[in-house]
Amino acid sequence: MSFGPAFHKEWLEQRRTYRLLIVAVVLLLFGLMSPLLARYTPEIIRLAAPKGEELIKLIPPPTAGDAVDQYLKNITQFGVLLALIMTMGTMSLEKDRGTAALMLSKPLSRTAFVLAKFASLALTFALSLLLAGAAGFYYTWVLFGPLSLPGWLGLNLLVLLFLLVFVALSLLCSTLTKSQVLAGGMSFGLWLTLSLLGAFPRIGDYLPRQLTDWAARVGKGGGLVSLGDLSPLIDGRNGSFWPALAVSLGLIVGSLLAACLIFKQQEL
Amino acid sequence: MEAIRIEALRKRFGSVKALDGLSLAVETGSIFGFLGPNGAGKTTAIRILTGLARGDEGRAWISGVDVMGGDGRTARLIGYLPQDPTFYPWMTAAEMLDHVGRVFGLAAAERRRRTGELLELAGLAGAAKRRVGGFSGGMKQRLGIAQALVNRPAILLLDEPVSSLDPFGRKELLDLIEGLRGRSTVFMSTHILADVERVCDTVGIIDRGRLTVQAPKKDLLEKYAAPVFAMEADRGQETALRSWTESLAPAPWLDSVVFPEANTVRVLVNDPAKAKLELLASAVGAGLVITRFELVKPTLEDVFLKLVSKGGN
């Protein structure tokens with residue numbers, strides 16, 4: 001399938017075009033800042049806001065849970081933006097510039113071409129989350145006390161899965177068109193649609209956004225295994241996160257499959 | 001065995017017929033010049049041969065392997081240079097060739113050796129570690145040739161290979177192509193007739209998606225080229241020269257007229273004996289001062305213009 005050479009090129013591109021550096025630095029900054037913001041926001045309000053002393057009495061003292069929430073909010077918001085921006089041109093630009101035609105006239109399969117792009121982006125986000133997670137874990141520990149390491153790892157795994165949904169969807173959009181702008185527009189459109197649908201209680205339970213709620217509970221020490229117990233899924237009880245996980249994995253696999261099939265039909 | 005065979009190939013883009021029943025055969029080891037005016041279907045035919053596009057009807061083979069299946073079985077047999085080769089701008093020239101070597105499954109030592117050889121061959125050894133994004137059009141074209149040769153292809157498909165090269169670069173590239181004679185089959189599309197005349201041994205002329213003619217270059221010149229009278233009028237008589245050629249239209253011996261320069265005309269005829277008698281007299285009678293009148297050997301350009309103009313272009 002010639003995945004190896006395709007991945008080698010994609011991974012070199014991630015490093016050479018500073019994509020890895022940009023994603024890593026942005027996520028690392030939010031990893032560092034989130035516990036700090038959670039810890040010092042009340043202090044900032046007290047010092048900066050008029051009647052800050054009175055306001056601060058209304059705000060409960062910050063906890064490690066606030067740091068986890070802050071981390072999740074920042075990493076997922078900016079992570080999704082980065083996922084869309086870094087992915088939207090990856091196929092469309094190669095088709096538009098002609099590099100895809102040059103390389104695909106050689107024994108390089110179109111499936112390998114698409115999957116190598118996804119794999120390199122997944123590695124970029126995984127490594128960046130590792131850095132951001134390490135920074136967030138350390139500062140949360142220092143500022144708020146001990147935190148469950150397996151829980152924190154579980155949180156970051158779920159965040160990675162959540163971000164990969166948008167990498168896969170954006171890759172599909174990029175496969176559909178030669179225009180990077182159009183691919184970007186479609187990707188942002190899908191993100192908005194999923195975000196809006198996620199706000200509906202019943203539908204939202206089945207959408208990727210639910211993974212971040214799961215991540216929050218796992219990160220706060222709920223335990224990855226107990227929360228992910230299969231019984232709520234089997235019983236069909238509300239509050240289970242497994243359907244959202246299945247839908248997210250389905251979106252990733254489905255998008256990649258669709259991208260490969262569509263790309264195979266396209267003329268270059 | 002034939003290196004390339006195309007049978008009744010058709011391809012439409014909306015209402016435009018890019019290929020309209022194209023059929024041709026290229027002998028192994030030959031340098032085939034695929035000639036045609038812009039929009040004739042040359043690039044479409046090559047894209048189908050590379051597997052990057054699909055024909056609507058008809059069939060095509062590379063070394064006997066069907067290319068219409070779209071499974072890329074012929075990819076190891078060919079080297080392909082697109083019309084305007086583009087590369088990853090962040091890669092160096094050496095990295096680009098190494099990447100192509102990886103795709104062909106070459107071992108690391110072989111890739112290093114091949115990259116060095118090809119950079120030398122393409123005259124890019126000094127730019128091996130420069131990023132391709134900063135290359136000139138000519139350098140990209142030469143890197144394009146180098147990448148097409150990485151796998152020592154049995155068949156080389158070149159789409160307008162010298163279009164963006166300066167005369168020096170053109171000469172170098174044509175020498176390189178000539179050097180491949182007997183080792184690879186070269187299928188080269190172009191509209192630069194002088195280049196075809198110089199390196200190709202077989203010529204196929206395509207016009208509006210159909211093959212007008214295919215023959216060894218020598219046979220083509222003998223069979224299709226009408227005798228040509230090259231005439232040059234005095235400076236300042238350009239308008240009078242044009243008016244006079246228009247007045248020749250009813251002459252039964254006239255085939256066609258081409259103006260290489262404003263005061264020069266090439267008159268293609270079908271009866272040189274009659275034309276010799278009437279042409280000069282007619283020109284002098286029209287008040288033209290003729291400074292050159294010569295019956296010359298027809299060129300491929302004359303054949304091309306004759307065949308393509310017959311098609312109505």
# chains A, B, ... in the order shown; residues from 1 in each chain; ligands from 1
$ residues_around --residues "Phe259 in chain B" --least-positions-apart "4" --cutoff "10 Å" --atoms "only C-alpha atoms" --output "PyMOL selection string"
chain B and resi 230-231+241-242+263-267
$ interface_residues --of "chain A" --to "chain B" --cutoff "10 Å" --atoms "only C-alpha atoms" --output "PyMOL selection string"
chain A and resi 2-6+8-9+12-13+16-17+94+97-110+264-268
$ write_last_selection --atoms "N, CA, C and O atoms" --output "tab-separated table (two decimals), in the first residue's frame"
chain	number	residue	atom	x	y	z
A	2	SER	N	2.18	1.11	0.24
A	2	SER	CA	3.14	2.23	0.23
A	2	SER	C	2.82	3.30	1.28
A	2	SER	O	3.04	4.48	1.06
A	3	PHE	N	2.29	2.85	2.43
A	3	PHE	CA	1.98	3.79	3.51
A	3	PHE	C	3.26	4.40	4.09
A	3	PHE	O	3.30	5.58	4.42
A	4	GLY	N	4.30	3.56	4.22
A	4	GLY	CA	5.56	4.00	4.84
A	4	GLY	C	6.15	5.24	4.19
A	4	GLY	O	6.34	6.26	4.88
A	5	PRO	N	6.42	5.21	2.88
A	5	PRO	CA	6.98	6.40	2.24
A	5	PRO	C	6.05	7.62	2.34
A	5	PRO	O	6.51	8.74	2.52
A	6	ALA	N	4.74	7.36	2.23
A	6	ALA	CA	3.79	8.48	2.31
A	6	ALA	C	3.82	9.09	3.71
A	6	ALA	O	3.83	10.33	3.86
A	8	HIS	N	6.31	8.95	5.85
A	8	HIS	CA	7.62	9.60	6.03
A	8	HIS	C	7.58	11.03	5.51
A	8	HIS	O	8.04	11.96	6.17
A	9	LYS	N	7.00	11.20	4.33
A	9	LYS	CA	6.89	12.55	3.75
A	9	LYS	C	5.97	13.44	4.58
A	9	LYS	O	6.28	14.60	4.85
A	12	LEU	N	7.61	14.46	7.83
A	12	LEU	CA	8.65	15.46	7.56
A	12	LEU	C	8.00	16.83	7.32
A	12	LEU	O	8.48	17.86	7.79
A	13	GLU	N	6.87	16.82	6.61
A	13	GLU	CA	6.16	18.07	6.32
A	13	GLU	C	5.63	18.71	7.60
A	13	GLU	O	5.68	19.93	7.76
A	16	ARG	N	8.77	20.24	9.08
A	16	ARG	CA	9.44	21.25	8.25
A	16	ARG	C	8.60	22.50	8.06
A	16	ARG	O	9.12	23.60	7.93
A	17	THR	N	7.29	22.35	8.01
A	17	THR	CA	6.43	23.51	7.80
A	17	THR	C	5.92	24.09	9.13
A	17	THR	O	4.99	24.90	9.14
A	94	GLU	N	-2.75	19.92	-2.41
A	94	GLU	CA	-1.96	18.98	-3.22
A	94	GLU	C	-2.63	18.73	-4.58
A	94	GLU	O	-1.95	18.56	-5.58
A	97	ARG	N	-2.26	22.22	-6.61
A	97	ARG	CA	-0.90	22.54	-7.07
A	97	ARG	C	-0.34	21.50	-8.04
A	97	ARG	O	0.60	21.77	-8.75
A	98	GLY	N	-0.88	20.29	-7.99
A	98	GLY	CA	-0.40	19.26	-8.92
A	98	GLY	C	0.58	18.28	-8.30
A	98	GLY	O	1.04	17.36	-8.97
A	99	THR	N	0.92	18.46	-7.03
A	99	THR	CA	1.87	17.53	-6.39
A	99	THR	C	1.22	16.15	-6.22
A	99	THR	O	1.91	15.13	-6.30
A	100	ALA	N	-0.09	16.13	-6.00
A	100	ALA	CA	-0.78	14.84	-5.87
A	100	ALA	C	-0.67	14.07	-7.19
A	100	ALA	O	-0.36	12.88	-7.20
A	101	ALA	N	-0.88	14.77	-8.32
A	101	ALA	CA	-0.79	14.10	-9.62
A	101	ALA	C	0.62	13.57	-9.86
A	101	ALA	O	0.80	12.45	-10.34
A	102	LEU	N	1.61	14.38	-9.51
A	102	LEU	CA	3.00	13.94	-9.73
A	102	LEU	C	3.29	12.67	-8.94
A	102	LEU	O	3.85	11.71	-9.48
A	103	MET	N	2.90	12.65	-7.68
A	103	MET	CA	3.24	11.51	-6.83
A	103	MET	C	2.36	10.29	-7.11
A	103	MET	O	2.82	9.16	-7.00
A	104	LEU	N	1.10	10.52	-7.47
A	104	LEU	CA	0.20	9.39	-7.67
A	104	LEU	C	0.33	8.74	-9.05
A	104	LEU	O	-0.32	7.75	-9.34
A	105	SER	N	1.19	9.31	-9.89
A	105	SER	CA	1.52	8.62	-11.14
A	105	SER	C	2.56	7.53	-10.86
A	105	SER	O	2.91	6.76	-11.73
A	106	LYS	N	3.05	7.51	-9.62
A	106	LYS	CA	4.05	6.52	-9.20
A	106	LYS	C	3.35	5.45	-8.36
A	106	LYS	O	2.17	5.61	-8.03
A	107	PRO	N	4.07	4.39	-7.99
A	107	PRO	CA	3.38	3.32	-7.24
A	107	PRO	C	3.06	3.71	-5.81
A	107	PRO	O	3.61	3.15	-4.86
A	108	LEU	N	2.23	4.70	-5.66
A	108	LEU	CA	1.79	5.19	-4.36
A	108	LEU	C	0.26	5.14	-4.38
A	108	LEU	O	-0.36	5.79	-5.22
A	109	SER	N	-0.33	4.37	-3.46
A	109	SER	CA	-1.78	4.21	-3.53
A	109	SER	C	-2.49	5.43	-2.95
A	109	SER	O	-1.96	6.11	-2.07
A	110	ARG	N	-3.66	5.67	-3.46
A	110	ARG	CA	-4.43	6.84	-3.00
A	110	ARG	C	-4.87	6.64	-1.55
A	110	ARG	O	-4.96	7.61	-0.79
A	264	LYS	N	-10.33	8.07	-4.69
A	264	LYS	CA	-10.04	7.06	-5.71
A	264	LYS	C	-10.80	7.34	-7.00
A	264	LYS	O	-10.36	6.96	-8.08
A	265	GLN	N	-11.95	7.99	-6.87
A	265	GLN	CA	-12.78	8.27	-8.06
A	265	GLN	C	-12.37	9.56	-8.75
A	265	GLN	O	-12.80	9.82	-9.88
A	266	GLN	N	-11.59	10.38	-8.06
A	266	GLN	CA	-11.28	11.70	-8.63
A	266	GLN	C	-10.19	11.62	-9.69
A	266	GLN	O	-9.25	10.84	-9.56
A	267	GLU	N	-10.31	12.48	-10.70
A	267	GLU	CA	-9.27	12.58	-11.72
A	267	GLU	C	-8.34	13.71	-11.33
A	267	GLU	O	-8.78	14.75	-10.83
A	268	LEU	N	-7.06	13.51	-11.55
A	268	LEU	CA	-6.08	14.52	-11.13
A	268	LEU	C	-5.42	15.17	-12.33
A	268	LEU	O	-5.31	14.58	-13.37
$ select_by_dssp --residues "range 46-172 of chain B" --states "strand (DSSP E or B)" --output "PyMOL selection string"
chain B and resi 57-62+65-66+78-81+92+131+155-159
$ residues_around --residues "range 196-213 of chain A" --least-positions-apart "2" --cutoff "12 Å" --atoms "only C-alpha atoms" --output "ChimeraX atom specification"
/A:68-77,80,154-166,189-194,215-220,222,224,227-228,233,236-252
$ residues_around --residues "range 4-9 of chain B" --least-positions-apart "5" --cutoff "9 Å" --atoms "only C-alpha atoms" --output "ChimeraX atom specification"
/B:19-28,45,49,55-64,155,185,187,209-210
$ select_by_dssp --residues "range 67-129 of chain B" --states "helix (DSSP H, G or I)" --output "PyMOL selection string"
chain B and resi 93-103+108-121+125-127
$ residues_around --residues "range 31-36 of chain A" --least-positions-apart "5" --cutoff "10 Å" --atoms "only C-alpha atoms" --output "ChimeraX atom specification"
/A:25-26,41,62-75,128-144
$ residues_around --residues "Gly29 in chain B" --least-positions-apart "3" --cutoff "12 Å" --atoms "only C-alpha atoms" --output "list in words"
Met1, Glu2, Ala3, Ile4, Val26, Phe32, Ser63, Pro153, Ala154, Ile155, Leu156, Ile177, Glu178, Gly179, Leu180, Arg181, Gly182, Arg183, Ser184, Thr185, Val186, Phe187, Cys200, Asp201 and Thr202 of chain B
$ write_last_selection --atoms "N, CA and C atoms" --output "PDB file, in the first residue's frame"
ATOM      1  N   MET B   1       7.370  -5.884 -29.060  1.00  0.00           N
ATOM      2  CA  MET B   1       6.079  -5.498 -28.474  1.00  0.00           C
ATOM      3  C   MET B   1       5.939  -3.971 -28.483  1.00  0.00           C
ATOM      4  N   GLU B   2       4.709  -3.530 -28.604  1.00  0.00           N
ATOM      5  CA  GLU B   2       4.480  -2.082 -28.555  1.00  0.00           C
ATOM      6  C   GLU B   2       4.583  -1.583 -27.116  1.00  0.00           C
ATOM      7  N   ALA B   3       5.227  -0.461 -26.950  1.00  0.00           N
ATOM      8  CA  ALA B   3       5.365   0.115 -25.607  1.00  0.00           C
ATOM      9  C   ALA B   3       4.044   0.748 -25.179  1.00  0.00           C
ATOM     10  N   ILE B   4       3.401   1.414 -26.127  1.00  0.00           N
ATOM     11  CA  ILE B   4       2.122   2.081 -25.826  1.00  0.00           C
ATOM     12  C   ILE B   4       1.143   1.747 -26.950  1.00  0.00           C
ATOM     13  N   VAL B  26       2.953   2.958 -30.217  1.00  0.00           N
ATOM     14  CA  VAL B  26       4.336   3.430 -30.116  1.00  0.00           C
ATOM     15  C   VAL B  26       5.240   2.213 -29.952  1.00  0.00           C
ATOM     16  N   PHE B  32       8.977   9.099 -29.540  1.00  0.00           N
ATOM     17  CA  PHE B  32       7.731   9.424 -30.245  1.00  0.00           C
ATOM     18  C   PHE B  32       7.353  10.881 -29.950  1.00  0.00           C
ATOM     19  N   SER B  63       3.044  -1.282 -22.203  1.00  0.00           N
ATOM     20  CA  SER B  63       3.747  -2.585 -22.247  1.00  0.00           C
ATOM     21  C   SER B  63       2.759  -3.746 -22.129  1.00  0.00           C
ATOM     22  N   PRO B 153      12.804   4.141 -15.911  1.00  0.00           N
ATOM     23  CA  PRO B 153      11.547   3.646 -16.509  1.00  0.00           C
ATOM     24  C   PRO B 153      11.736   3.084 -17.908  1.00  0.00           C
ATOM     25  N   ALA B 154      10.930   2.086 -18.215  1.00  0.00           N
ATOM     26  CA  ALA B 154      10.944   1.520 -19.569  1.00  0.00           C
ATOM     27  C   ALA B 154      10.283   2.503 -20.531  1.00  0.00           C
ATOM     28  N   ILE B 155       9.318   3.270 -19.986  1.00  0.00           N
ATOM     29  CA  ILE B 155       8.583   4.229 -20.818  1.00  0.00           C
ATOM     30  C   ILE B 155       8.546   5.578 -20.111  1.00  0.00           C
ATOM     31  N   LEU B 156       8.951   6.591 -20.833  1.00  0.00           N
ATOM     32  CA  LEU B 156       8.995   7.935 -20.265  1.00  0.00           C
ATOM     33  C   LEU B 156       7.921   8.787 -20.934  1.00  0.00           C
ATOM     34  N   ILE B 177      17.346  13.489 -23.733  1.00  0.00           N
ATOM     35  CA  ILE B 177      16.304  12.623 -24.309  1.00  0.00           C
ATOM     36  C   ILE B 177      16.900  11.755 -25.419  1.00  0.00           C
ATOM     37  N   GLU B 178      17.730  12.381 -26.228  1.00  0.00           N
ATOM     38  CA  GLU B 178      18.376  11.649 -27.314  1.00  0.00           C
ATOM     39  C   GLU B 178      19.242  10.518 -26.758  1.00  0.00           C
ATOM     40  N   GLY B 179      19.856  10.774 -25.614  1.00  0.00           N
ATOM     41  CA  GLY B 179      20.712   9.767 -24.969  1.00  0.00           C
ATOM     42  C   GLY B 179      19.938   8.562 -24.474  1.00  0.00           C
ATOM     43  N   LEU B 180      18.629   8.714 -24.351  1.00  0.00           N
ATOM     44  CA  LEU B 180      17.801   7.599 -23.867  1.00  0.00           C
ATOM     45  C   LEU B 180      17.384   6.656 -24.996  1.00  0.00           C
ATOM     46  N   ARG B 181      17.708   7.074 -26.229  1.00  0.00           N
ATOM     47  CA  ARG B 181      17.301   6.272 -27.393  1.00  0.00           C
ATOM     48  C   ARG B 181      17.809   4.828 -27.260  1.00  0.00           C
ATOM     49  N   GLY B 182      16.917   3.891 -27.447  1.00  0.00           N
ATOM     50  CA  GLY B 182      17.308   2.486 -27.358  1.00  0.00           C
ATOM     51  C   GLY B 182      17.188   1.921 -25.949  1.00  0.00           C
ATOM     52  N   ARG B 183      17.242   2.807 -24.937  1.00  0.00           N
ATOM     53  CA  ARG B 183      17.160   2.311 -23.548  1.00  0.00           C
ATOM     54  C   ARG B 183      15.732   2.423 -23.022  1.00  0.00           C
ATOM     55  N   SER B 184      15.090   3.539 -23.327  1.00  0.00           N
ATOM     56  CA  SER B 184      13.696   3.750 -22.898  1.00  0.00           C
ATOM     57  C   SER B 184      12.876   4.159 -24.107  1.00  0.00           C
ATOM     58  N   THR B 185      11.588   3.938 -23.997  1.00  0.00           N
ATOM     59  CA  THR B 185      10.684   4.484 -24.998  1.00  0.00           C
ATOM     60  C   THR B 185      10.281   5.870 -24.491  1.00  0.00           C
ATOM     61  N   VAL B 186      10.407   6.859 -25.336  1.00  0.00           N
ATOM     62  CA  VAL B 186      10.043   8.218 -24.908  1.00  0.00           C
ATOM     63  C   VAL B 186       8.804   8.656 -25.683  1.00  0.00           C
ATOM     64  N   PHE B 187       7.796   9.063 -24.945  1.00  0.00           N
ATOM     65  CA  PHE B 187       6.555   9.585 -25.547  1.00  0.00           C
ATOM     66  C   PHE B 187       6.484  11.049 -25.131  1.00  0.00           C
ATOM     67  N   CYS B 200      12.998  13.234 -32.347  1.00  0.00           N
ATOM     68  CA  CYS B 200      12.028  12.130 -32.467  1.00  0.00           C
ATOM     69  C   CYS B 200      12.260  11.319 -33.738  1.00  0.00           C
ATOM     70  N   ASP B 201      12.032  10.017 -33.636  1.00  0.00           N
ATOM     71  CA  ASP B 201      12.127   9.208 -34.851  1.00  0.00           C
ATOM     72  C   ASP B 201      10.754   8.897 -35.417  1.00  0.00           C
ATOM     73  N   THR B 202       9.728   9.001 -34.563  1.00  0.00           N
ATOM     74  CA  THR B 202       8.357   8.777 -35.029  1.00  0.00           C
ATOM     75  C   THR B 202       7.496   9.952 -34.577  1.00  0.00           C
TER      76      THR B 202
END
$ atom_distance --atom1 "CA of Ser255 in chain A" --atom2 "CA of Val23 in chain A"
22.3 Å
